[in-house]
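**Q** Sharing model.txt (compact mmCIF, C-alpha atoms and all ligand atoms) below.
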# COMPACT_ATOMS: atom_id res chain seq x y z
CA MET A 183 -9.97 -36.64 -2.76
CA THR A 184 -10.38 -33.52 -0.62
CA PRO A 185 -11.65 -30.55 -2.66
CA ALA A 186 -9.24 -27.63 -3.14
CA PRO A 187 -9.61 -24.88 -0.51
CA ASP A 188 -11.73 -21.82 -1.38
CA ARG A 189 -9.64 -19.09 -2.94
CA TYR A 190 -9.45 -15.39 -2.09
CA ALA A 191 -6.88 -12.66 -2.81
CA VAL A 192 -6.04 -8.99 -2.55
CA ILE A 193 -5.36 -7.17 -5.81
CA GLY A 194 -3.35 -3.92 -6.00
CA HIS A 195 -0.19 -2.29 -7.34
CA PRO A 196 2.28 -2.39 -5.67
CA ILE A 197 1.23 -5.28 -3.42
CA ASP A 198 4.51 -6.71 -2.03
CA HIS A 199 4.08 -5.21 1.40
CA SER A 200 0.40 -6.08 1.84
CA ARG A 201 -0.38 -7.64 5.22
CA SER A 202 -3.80 -8.86 4.06
CA PRO A 203 -2.66 -12.45 3.27
CA TRP A 204 -1.19 -12.71 6.77
CA ILE A 205 -4.32 -11.27 8.41
CA HIS A 206 -6.72 -13.55 6.50
CA ALA A 207 -4.57 -16.61 7.20
CA ARG A 208 -4.86 -15.80 10.92
CA PHE A 209 -8.63 -15.33 10.63
CA ALA A 210 -8.99 -18.64 8.76
CA GLN A 211 -6.95 -20.47 11.39
CA GLN A 212 -8.89 -18.88 14.23
CA THR A 213 -12.33 -19.73 12.78
CA GLY A 214 -11.41 -23.11 11.22
CA GLN A 215 -12.19 -22.03 7.64
CA ARG A 216 -10.55 -23.95 4.80
CA MET A 217 -9.34 -21.26 2.42
CA VAL A 218 -6.26 -19.71 0.85
CA TYR A 219 -5.70 -15.97 0.43
CA THR A 220 -2.96 -14.67 -1.86
CA ALA A 221 -1.75 -11.32 -3.24
CA ILE A 222 -2.09 -10.35 -6.91
CA ASP A 223 0.06 -7.56 -8.33
CA ALA A 224 -1.87 -6.01 -11.23
CA ALA A 225 -0.71 -2.90 -13.08
CA PRO A 226 -3.66 -0.68 -14.12
CA GLU A 227 -3.58 -1.93 -17.74
CA ASP A 228 -3.82 -5.56 -16.54
CA LEU A 229 -6.59 -5.07 -13.97
CA ASP A 230 -9.52 -6.28 -16.12
CA ASP A 231 -7.74 -9.44 -17.26
CA ARG A 232 -6.47 -10.33 -13.80
CA VAL A 233 -9.86 -9.89 -12.13
CA ARG A 234 -11.71 -11.88 -14.82
CA ASP A 235 -9.06 -14.59 -14.76
CA PHE A 236 -9.20 -14.93 -10.97
CA PHE A 237 -12.96 -15.48 -10.95
CA ALA A 238 -12.96 -17.62 -14.13
CA ARG A 239 -10.60 -20.00 -12.30
CA GLY A 240 -13.02 -20.36 -9.40
CA GLY A 241 -11.86 -17.59 -7.03
CA LEU A 242 -14.60 -16.57 -4.58
CA GLY A 243 -13.60 -13.11 -3.41
CA LEU A 244 -11.12 -10.27 -3.85
CA ASN A 245 -10.05 -7.37 -1.73
CA VAL A 246 -9.21 -4.38 -3.90
CA THR A 247 -6.57 -1.87 -2.88
CA VAL A 248 -4.62 1.11 -4.23
CA PRO A 249 -4.88 2.15 -7.05
CA HIS A 250 -7.85 0.07 -8.24
CA LYS A 251 -10.74 0.94 -5.89
CA GLN A 252 -12.55 3.03 -8.48
CA ALA A 253 -11.14 1.45 -11.65
CA VAL A 254 -12.68 -1.91 -10.78
CA LEU A 255 -16.28 -0.60 -10.80
CA PRO A 256 -17.03 -1.29 -14.52
CA LEU A 257 -16.20 -4.99 -13.99
CA LEU A 258 -18.96 -5.50 -11.42
CA GLN A 259 -22.59 -6.46 -11.96
CA GLU A 260 -23.88 -5.28 -8.55
CA LEU A 261 -22.88 -2.78 -5.86
CA SER A 262 -23.88 -2.57 -2.19
CA GLU A 263 -25.50 0.70 -1.16
CA ARG A 264 -22.40 1.84 0.74
CA ALA A 265 -20.11 1.05 -2.22
CA ARG A 266 -22.45 2.97 -4.51
CA VAL A 267 -22.43 5.96 -2.16
CA ALA A 268 -18.64 5.79 -1.80
CA GLY A 269 -18.10 5.31 -5.54
CA ALA A 270 -15.27 2.95 -4.54
CA VAL A 271 -14.93 -0.75 -3.78
CA ASN A 272 -12.47 -2.59 -1.51
CA LEU A 273 -14.19 -5.97 -1.73
CA ILE A 274 -15.69 -8.21 -4.43
CA LEU A 275 -17.86 -11.26 -3.76
CA ARG A 276 -18.73 -13.82 -6.43
CA ALA A 277 -22.34 -14.98 -6.10
CA ASP A 278 -23.36 -18.58 -6.87
CA ASP A 279 -24.65 -17.48 -10.29
CA GLY A 280 -21.24 -15.95 -11.08
CA ARG A 281 -22.31 -12.32 -10.70
CA LEU A 282 -19.67 -10.06 -9.15
CA ARG A 283 -20.85 -7.80 -6.32
CA GLY A 284 -18.76 -4.87 -5.06
CA ASP A 285 -18.83 -3.69 -1.47
CA ASN A 286 -16.86 -1.28 0.69
CA THR A 287 -15.79 -2.13 4.24
CA ASP A 288 -13.19 0.67 4.57
CA GLY A 289 -15.53 3.09 6.32
CA SER A 290 -16.97 0.60 8.77
CA GLY A 291 -13.44 -0.71 9.45
CA LEU A 292 -12.17 2.77 10.25
CA VAL A 293 -15.19 3.63 12.40
CA ARG A 294 -14.86 0.38 14.34
CA ASP A 295 -11.17 1.02 14.99
CA LEU A 296 -11.77 4.63 16.09
CA THR A 297 -14.77 3.96 18.31
CA HIS A 298 -14.38 0.36 19.51
CA ASN A 299 -10.59 -0.11 19.68
CA LEU A 300 -9.31 3.41 20.30
CA GLY A 301 -12.19 5.19 22.05
CA VAL A 302 -11.88 8.33 19.90
CA PRO A 303 -15.10 10.39 20.13
CA ILE A 304 -16.67 11.49 16.82
CA ALA A 305 -20.16 12.77 17.69
CA ALA A 306 -20.29 16.59 17.95
CA GLN A 307 -16.53 16.84 17.17
CA ARG A 308 -14.88 18.78 14.33
CA LEU A 309 -13.15 16.40 11.91
CA LEU A 310 -10.64 17.11 9.15
CA LEU A 311 -10.12 14.69 6.26
CA LEU A 312 -6.99 15.15 4.14
CA GLY A 313 -7.33 13.98 0.52
CA ALA A 314 -10.20 13.63 -1.93
CA GLY A 315 -9.31 10.44 -3.82
CA GLY A 316 -10.49 6.84 -3.66
CA ALA A 317 -9.36 6.28 -0.08
CA ALA A 318 -11.23 9.37 1.16
CA ARG A 319 -14.49 8.55 -0.65
CA GLY A 320 -15.09 5.29 1.24
CA ILE A 321 -15.00 6.82 4.71
CA ILE A 322 -17.00 10.05 4.37
CA ALA A 323 -20.56 8.69 4.73
CA PRO A 324 -19.68 6.33 7.64
CA LEU A 325 -18.03 9.25 9.51
CA LEU A 326 -20.99 11.56 8.86
CA ALA A 327 -23.34 8.84 10.16
CA LEU A 328 -21.74 9.39 13.61
CA HIS A 329 -22.89 13.04 13.58
CA PRO A 330 -19.68 15.07 13.88
CA ALA A 331 -20.20 18.83 14.35
CA GLU A 332 -18.55 19.26 10.94
CA LEU A 333 -16.36 17.34 8.51
CA VAL A 334 -13.93 19.47 6.50
CA ILE A 335 -12.25 17.87 3.46
CA ALA A 336 -8.91 19.50 2.49
CA ASN A 337 -7.12 18.74 -0.75
CA ARG A 338 -4.25 20.20 -2.81
CA SER A 339 -6.68 20.46 -5.65
CA ALA A 340 -9.36 22.29 -3.63
CA ALA A 341 -11.91 21.97 -6.44
CA ARG A 342 -11.83 18.20 -5.97
CA ALA A 343 -12.50 18.56 -2.21
CA ILE A 344 -15.35 21.01 -2.80
CA GLU A 345 -16.94 18.72 -5.37
CA LEU A 346 -16.64 15.71 -3.07
CA ALA A 347 -18.16 17.63 -0.16
CA GLN A 348 -21.04 18.72 -2.39
CA GLN A 349 -21.73 15.11 -3.26
CA PHE A 350 -21.93 14.08 0.42
CA LYS A 351 -24.08 17.02 1.63
CA PRO A 352 -27.17 14.76 1.91
CA PHE A 353 -25.33 12.73 4.58
CA GLY A 354 -24.33 15.50 7.00
CA THR A 355 -22.42 18.74 7.61
CA VAL A 356 -19.44 18.66 5.24
CA ARG A 357 -17.44 21.20 3.24
CA GLY A 358 -14.32 21.33 1.10
CA ALA A 359 -11.32 23.60 1.76
CA ARG A 360 -7.81 24.54 0.70
CA TYR A 361 -4.99 23.59 3.07
CA ASP A 362 -3.96 27.21 3.65
CA GLU A 363 -7.49 28.15 4.74
CA LEU A 364 -7.17 25.91 7.81
CA LYS A 365 -4.56 27.87 9.80
CA ARG A 366 -6.82 29.26 12.48
CA GLN A 367 -9.03 26.21 12.78
CA ARG A 368 -8.98 23.41 15.33
CA PHE A 369 -10.05 19.79 14.83
CA ALA A 370 -10.47 16.99 17.36
CA LEU A 371 -9.52 14.39 14.75
CA ILE A 372 -7.46 14.68 11.55
CA ILE A 373 -7.49 11.71 9.16
CA ASN A 374 -4.87 11.40 6.43
CA ALA A 375 -6.43 9.78 3.34
CA THR A 376 -3.89 11.14 0.85
CA SER A 377 -1.41 8.95 -0.99
CA ALA A 378 1.42 11.36 -0.04
CA GLY A 379 3.07 8.71 2.16
CA LEU A 380 3.67 6.42 -0.82
CA LEU A 381 6.13 9.09 -2.03
CA GLN A 382 7.54 9.65 1.47
CA GLU A 383 5.77 13.01 1.53
CA ILE A 384 3.36 14.63 3.97
CA PRO A 385 0.31 16.69 3.00
CA PRO A 386 0.84 20.50 3.20
CA LEU A 387 -1.16 20.93 6.41
CA PRO A 388 -0.32 24.15 8.31
CA VAL A 389 1.26 23.18 11.68
CA GLU A 390 -0.94 25.76 13.44
CA VAL A 391 -3.84 23.33 13.03
CA LEU A 392 -2.24 20.88 15.47
CA ASP A 393 -2.36 21.20 19.23
CA ALA A 394 -2.03 19.03 22.31
CA SER A 395 -5.62 17.79 22.06
CA THR A 396 -5.55 16.76 18.37
CA VAL A 397 -5.77 13.09 17.39
CA CYS A 398 -4.11 12.31 14.03
CA TYR A 399 -4.93 9.05 12.23
CA ASP A 400 -3.24 7.80 9.06
CA LEU A 401 -5.20 5.40 6.84
CA ALA A 402 -1.85 4.05 5.65
CA TYR A 403 -0.68 1.01 7.55
CA ALA A 404 2.64 0.93 9.33
CA ARG A 405 3.69 -0.95 12.42
CA ASP A 406 5.08 1.96 14.42
CA THR A 407 4.65 5.14 12.48
CA THR A 408 4.17 6.80 9.10
CA ARG A 409 5.68 10.03 7.80
CA PHE A 410 2.42 11.83 8.65
CA VAL A 411 2.09 10.31 12.13
CA GLN A 412 5.75 11.05 12.86
CA TRP A 413 5.30 14.67 11.76
CA ALA A 414 2.14 15.04 13.87
CA ARG A 415 3.85 13.59 16.97
CA GLU A 416 6.79 15.95 16.49
CA HIS A 417 4.29 18.80 16.69
CA GLY A 418 2.93 17.62 20.01
CA VAL A 419 -0.45 16.11 19.17
CA ALA A 420 -2.33 14.06 21.76
CA ARG A 421 -2.17 10.85 19.71
CA GLY A 422 -0.70 9.85 16.34
CA ILE A 423 -2.14 6.57 15.09
CA PRO A 424 -1.06 4.56 12.01
CA GLY A 425 -3.97 2.65 10.44
CA ALA A 426 -3.18 -0.94 11.45
CA GLY A 427 -6.50 -1.22 13.29
CA MET A 428 -8.51 -0.12 10.28
CA LEU A 429 -6.63 -2.63 8.12
CA VAL A 430 -7.55 -5.48 10.46
CA GLU A 431 -11.16 -4.31 10.97
CA GLN A 432 -11.95 -3.87 7.27
CA ALA A 433 -10.42 -7.31 6.70
CA ALA A 434 -12.61 -8.81 9.44
CA GLU A 435 -15.70 -7.37 7.83
CA SER A 436 -14.64 -8.74 4.42
CA PHE A 437 -14.11 -12.13 6.04
CA LEU A 438 -17.57 -11.98 7.61
CA LEU A 439 -19.20 -11.19 4.26
CA TRP A 440 -17.35 -14.01 2.50
CA ARG A 441 -17.43 -16.73 5.16
CA GLY A 442 -20.41 -15.80 7.38
CA VAL A 443 -18.30 -15.71 10.55
CA ARG A 444 -16.76 -12.67 12.25
CA PRO A 445 -13.20 -13.27 13.45
CA ASP A 446 -11.94 -11.85 16.74
CA THR A 447 -9.70 -8.93 15.75
CA THR A 448 -8.10 -8.16 19.14
CA ALA A 449 -5.42 -10.86 19.12
CA VAL A 450 -4.74 -10.49 15.39
CA LEU A 451 -4.20 -6.73 15.72
CA ALA A 452 -1.89 -7.21 18.71
CA ASP A 453 0.13 -9.82 16.78
CA LEU A 454 0.29 -7.63 13.67
CA LEU A 455 1.69 -4.78 15.73
CA ALA A 456 4.27 -7.13 17.24
CA LEU A 457 5.49 -8.59 13.91
P1 LIG A 501 -6.26 7.05 -3.46
O1 LIG A 501 -7.11 5.97 -4.07
O2 LIG A 501 -5.06 6.53 -2.72
O3 LIG A 501 -7.04 8.04 -2.67
P2 LIG A 501 -6.08 8.96 -5.61
O4 LIG A 501 -7.51 8.81 -5.99
O5 LIG A 501 -5.04 9.09 -6.68
O6 LIG A 501 -5.58 7.77 -4.72
O7 LIG A 501 -5.98 10.22 -4.63
C1 LIG A 501 -4.77 10.60 -4.05
C2 LIG A 501 -5.07 11.69 -3.04
O8 LIG A 501 -3.88 12.01 -2.35
C3 LIG A 501 -5.55 12.99 -3.66
O9 LIG A 501 -6.42 13.64 -2.77
C4 LIG A 501 -4.25 13.76 -3.83
O10 LIG A 501 -4.41 15.16 -3.87
P3 LIG A 501 -4.72 15.94 -5.28
O11 LIG A 501 -6.13 15.55 -5.66
O12 LIG A 501 -4.60 17.37 -4.94
O13 LIG A 501 -3.69 15.41 -6.22
C5 LIG A 501 -3.57 13.38 -2.55
N1 LIG A 501 -2.11 13.53 -2.57
C6 LIG A 501 -1.20 12.76 -3.21
N2 LIG A 501 0.05 13.17 -2.95
C7 LIG A 501 -0.06 14.23 -2.11
C8 LIG A 501 0.87 15.10 -1.47
N3 LIG A 501 2.18 14.97 -1.62
N4 LIG A 501 0.38 16.08 -0.67
C9 LIG A 501 -0.95 16.21 -0.48
N5 LIG A 501 -1.89 15.44 -1.07
C10 LIG A 501 -1.45 14.46 -1.86
Show how you would write the structure in this file as structure tokens.
**A**
Amino acid sequence: MTPAPDRYAVIGHPIDHSRSPWIHARFAQQTGQRMVYTAIDAAPEDLDDRVRDFFARGGLGLNVTVPHKQAVLPLLQELSERARVAGAVNLILRADDGRLRGDNTDGSGLVRDLTHNLGVPIAAQRLLLLGAGGAARGIIAPLLALHPAELVIANRSAARAIELAQQFKPFGTVRGARYDELKRQRFALIINATSAGLLQEIPPLPVEVLDASTVCYDLAYARDTTRFVQWAREHGVARGIPGAGMLVEQAAESFLLWRGVRPDTTAVLADLLAL
């Protein structure tokens, strides 16, 4: 009898619209890996049970998405250096001895999309990051590693942005700010890492910050546009980019860590955008 295929999943809440099962199925097909990848909807109060149950039944790896990237930390026995620095996990691997190891491929996925797929320069540029929650934490150190002139973190609760910036000072030039302090400032790249889009809202960014040379990137995935990207385009920015590329690149890096083979993301990203 053929053994059952290796099992992987993404866990989040809500999870209905996740494209991760589709992306990983494409990667598996492309690289000839025998595996299944499903989606698990887990409300915060069920997270512990669902994670334990998945691995107890032989699951090999999980991707972790909103709102569980920080909440999952106490369930893990090991953390990669980048997950420890981020204080957030988007990936769990089960080792042969059953230990659960957390990692974070969000930052490297974003950086690969920006630099490799989109050709957006980062070095010596001024960057603005909107939001100071779990999604923001994972990408700060990887962005600072590319030596921007400065990274400003803006948040509604400015204290949270200032505290986060303080924590990442050892990695580069970074500071926290209030949204209304930004009016007279210019940024080459603005990254939306808030969860405002989930509520069909946009962050309270003063429009004066945008001009015809600004690139706006939304970590949220959408095929054509997001509320934030739409708003930025309406205000005449150079490029407004929804985060499909980051989604595919962080998935590819998860796949590499689990299966030891890096899938080719170009065709998968093109097909995702054409769905
Ligand atoms: P996530 O894991 O998605 O980052 P989170 O840790 O709850 O979720 O963080 C949500 C982030 O989105 C926070 O930075 C939050 O700002 P506050 O800390 O000021 O609450 C931000 N956010 C959510 N809704 C927003 C909105 N409508 N406008 C601006 N920022 C918003």
**Q** Ligand LIG 501 (chain A), all listed atoms, 8 Å padding on each side: what axis-aligned box centre and edge lengths in Å to one decimal come out, as AutoDock Vina command-line options?
**A**
--center_x -2.7 --center_y 11.7 --center_z -3.6 --size_x 25.7 --size_y 27.4 --size_z 22.2
**Q** For ligand LIG 501 (chain A), list the contacting residues at 6 Å or closer, counting all atoms listed in the file, as a PyMOL selection string.
**A** chain A and resi 248-249+313-318+337-339+376-378+383-386
**Q** Using all atoms listed in the file, determine which residues lie at most 12 Å from Arg366 in chain A, disregarding the query and same-chain residues fewer than 5 positions distant; provide the list as a count of residues only.
**A** 8
**Q** If you count all atoms listed in the file, which residues fall within 6 Å of range 440-455 of chain A, apart from same-chain ones fewer than 3 positions away, as an MDAnalysis selection string?
**A** chainID A and resid 209 405 437
**Q** For Gly418 in chain A, please output as a list in words all residues within 7 Å (counting only C-alpha atoms; exclusion window: fewer than 2 positions along the same chain).
**A**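 Here the qualifying residues turn out to be Asp393, Ala394, Ala414, Arg415, Glu416 and Ala420 of chain A.
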**Q** Just checking: using only C-alpha atoms, which residue out of A:Ala277, A:Ala370, A:Leu380, A:Ala305 ends up closest to Ser395 in chain A?
**A**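 Going through A:Ala277, A:Ala370, A:Leu380, A:Ala305 one by one, the smallest distance to Ser395 in chain A is for A:Ala370.
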**Q** For Ala359 in chain A, list every protein, DNA or RNA residue within 9 Å, evaluated using all atoms listed in the file, and leave out those in the same chain fewer than 6 positions away; present the list as a VMD selection string.
**A** chain A and resid 334 to 337 340 to 341 343 to 344
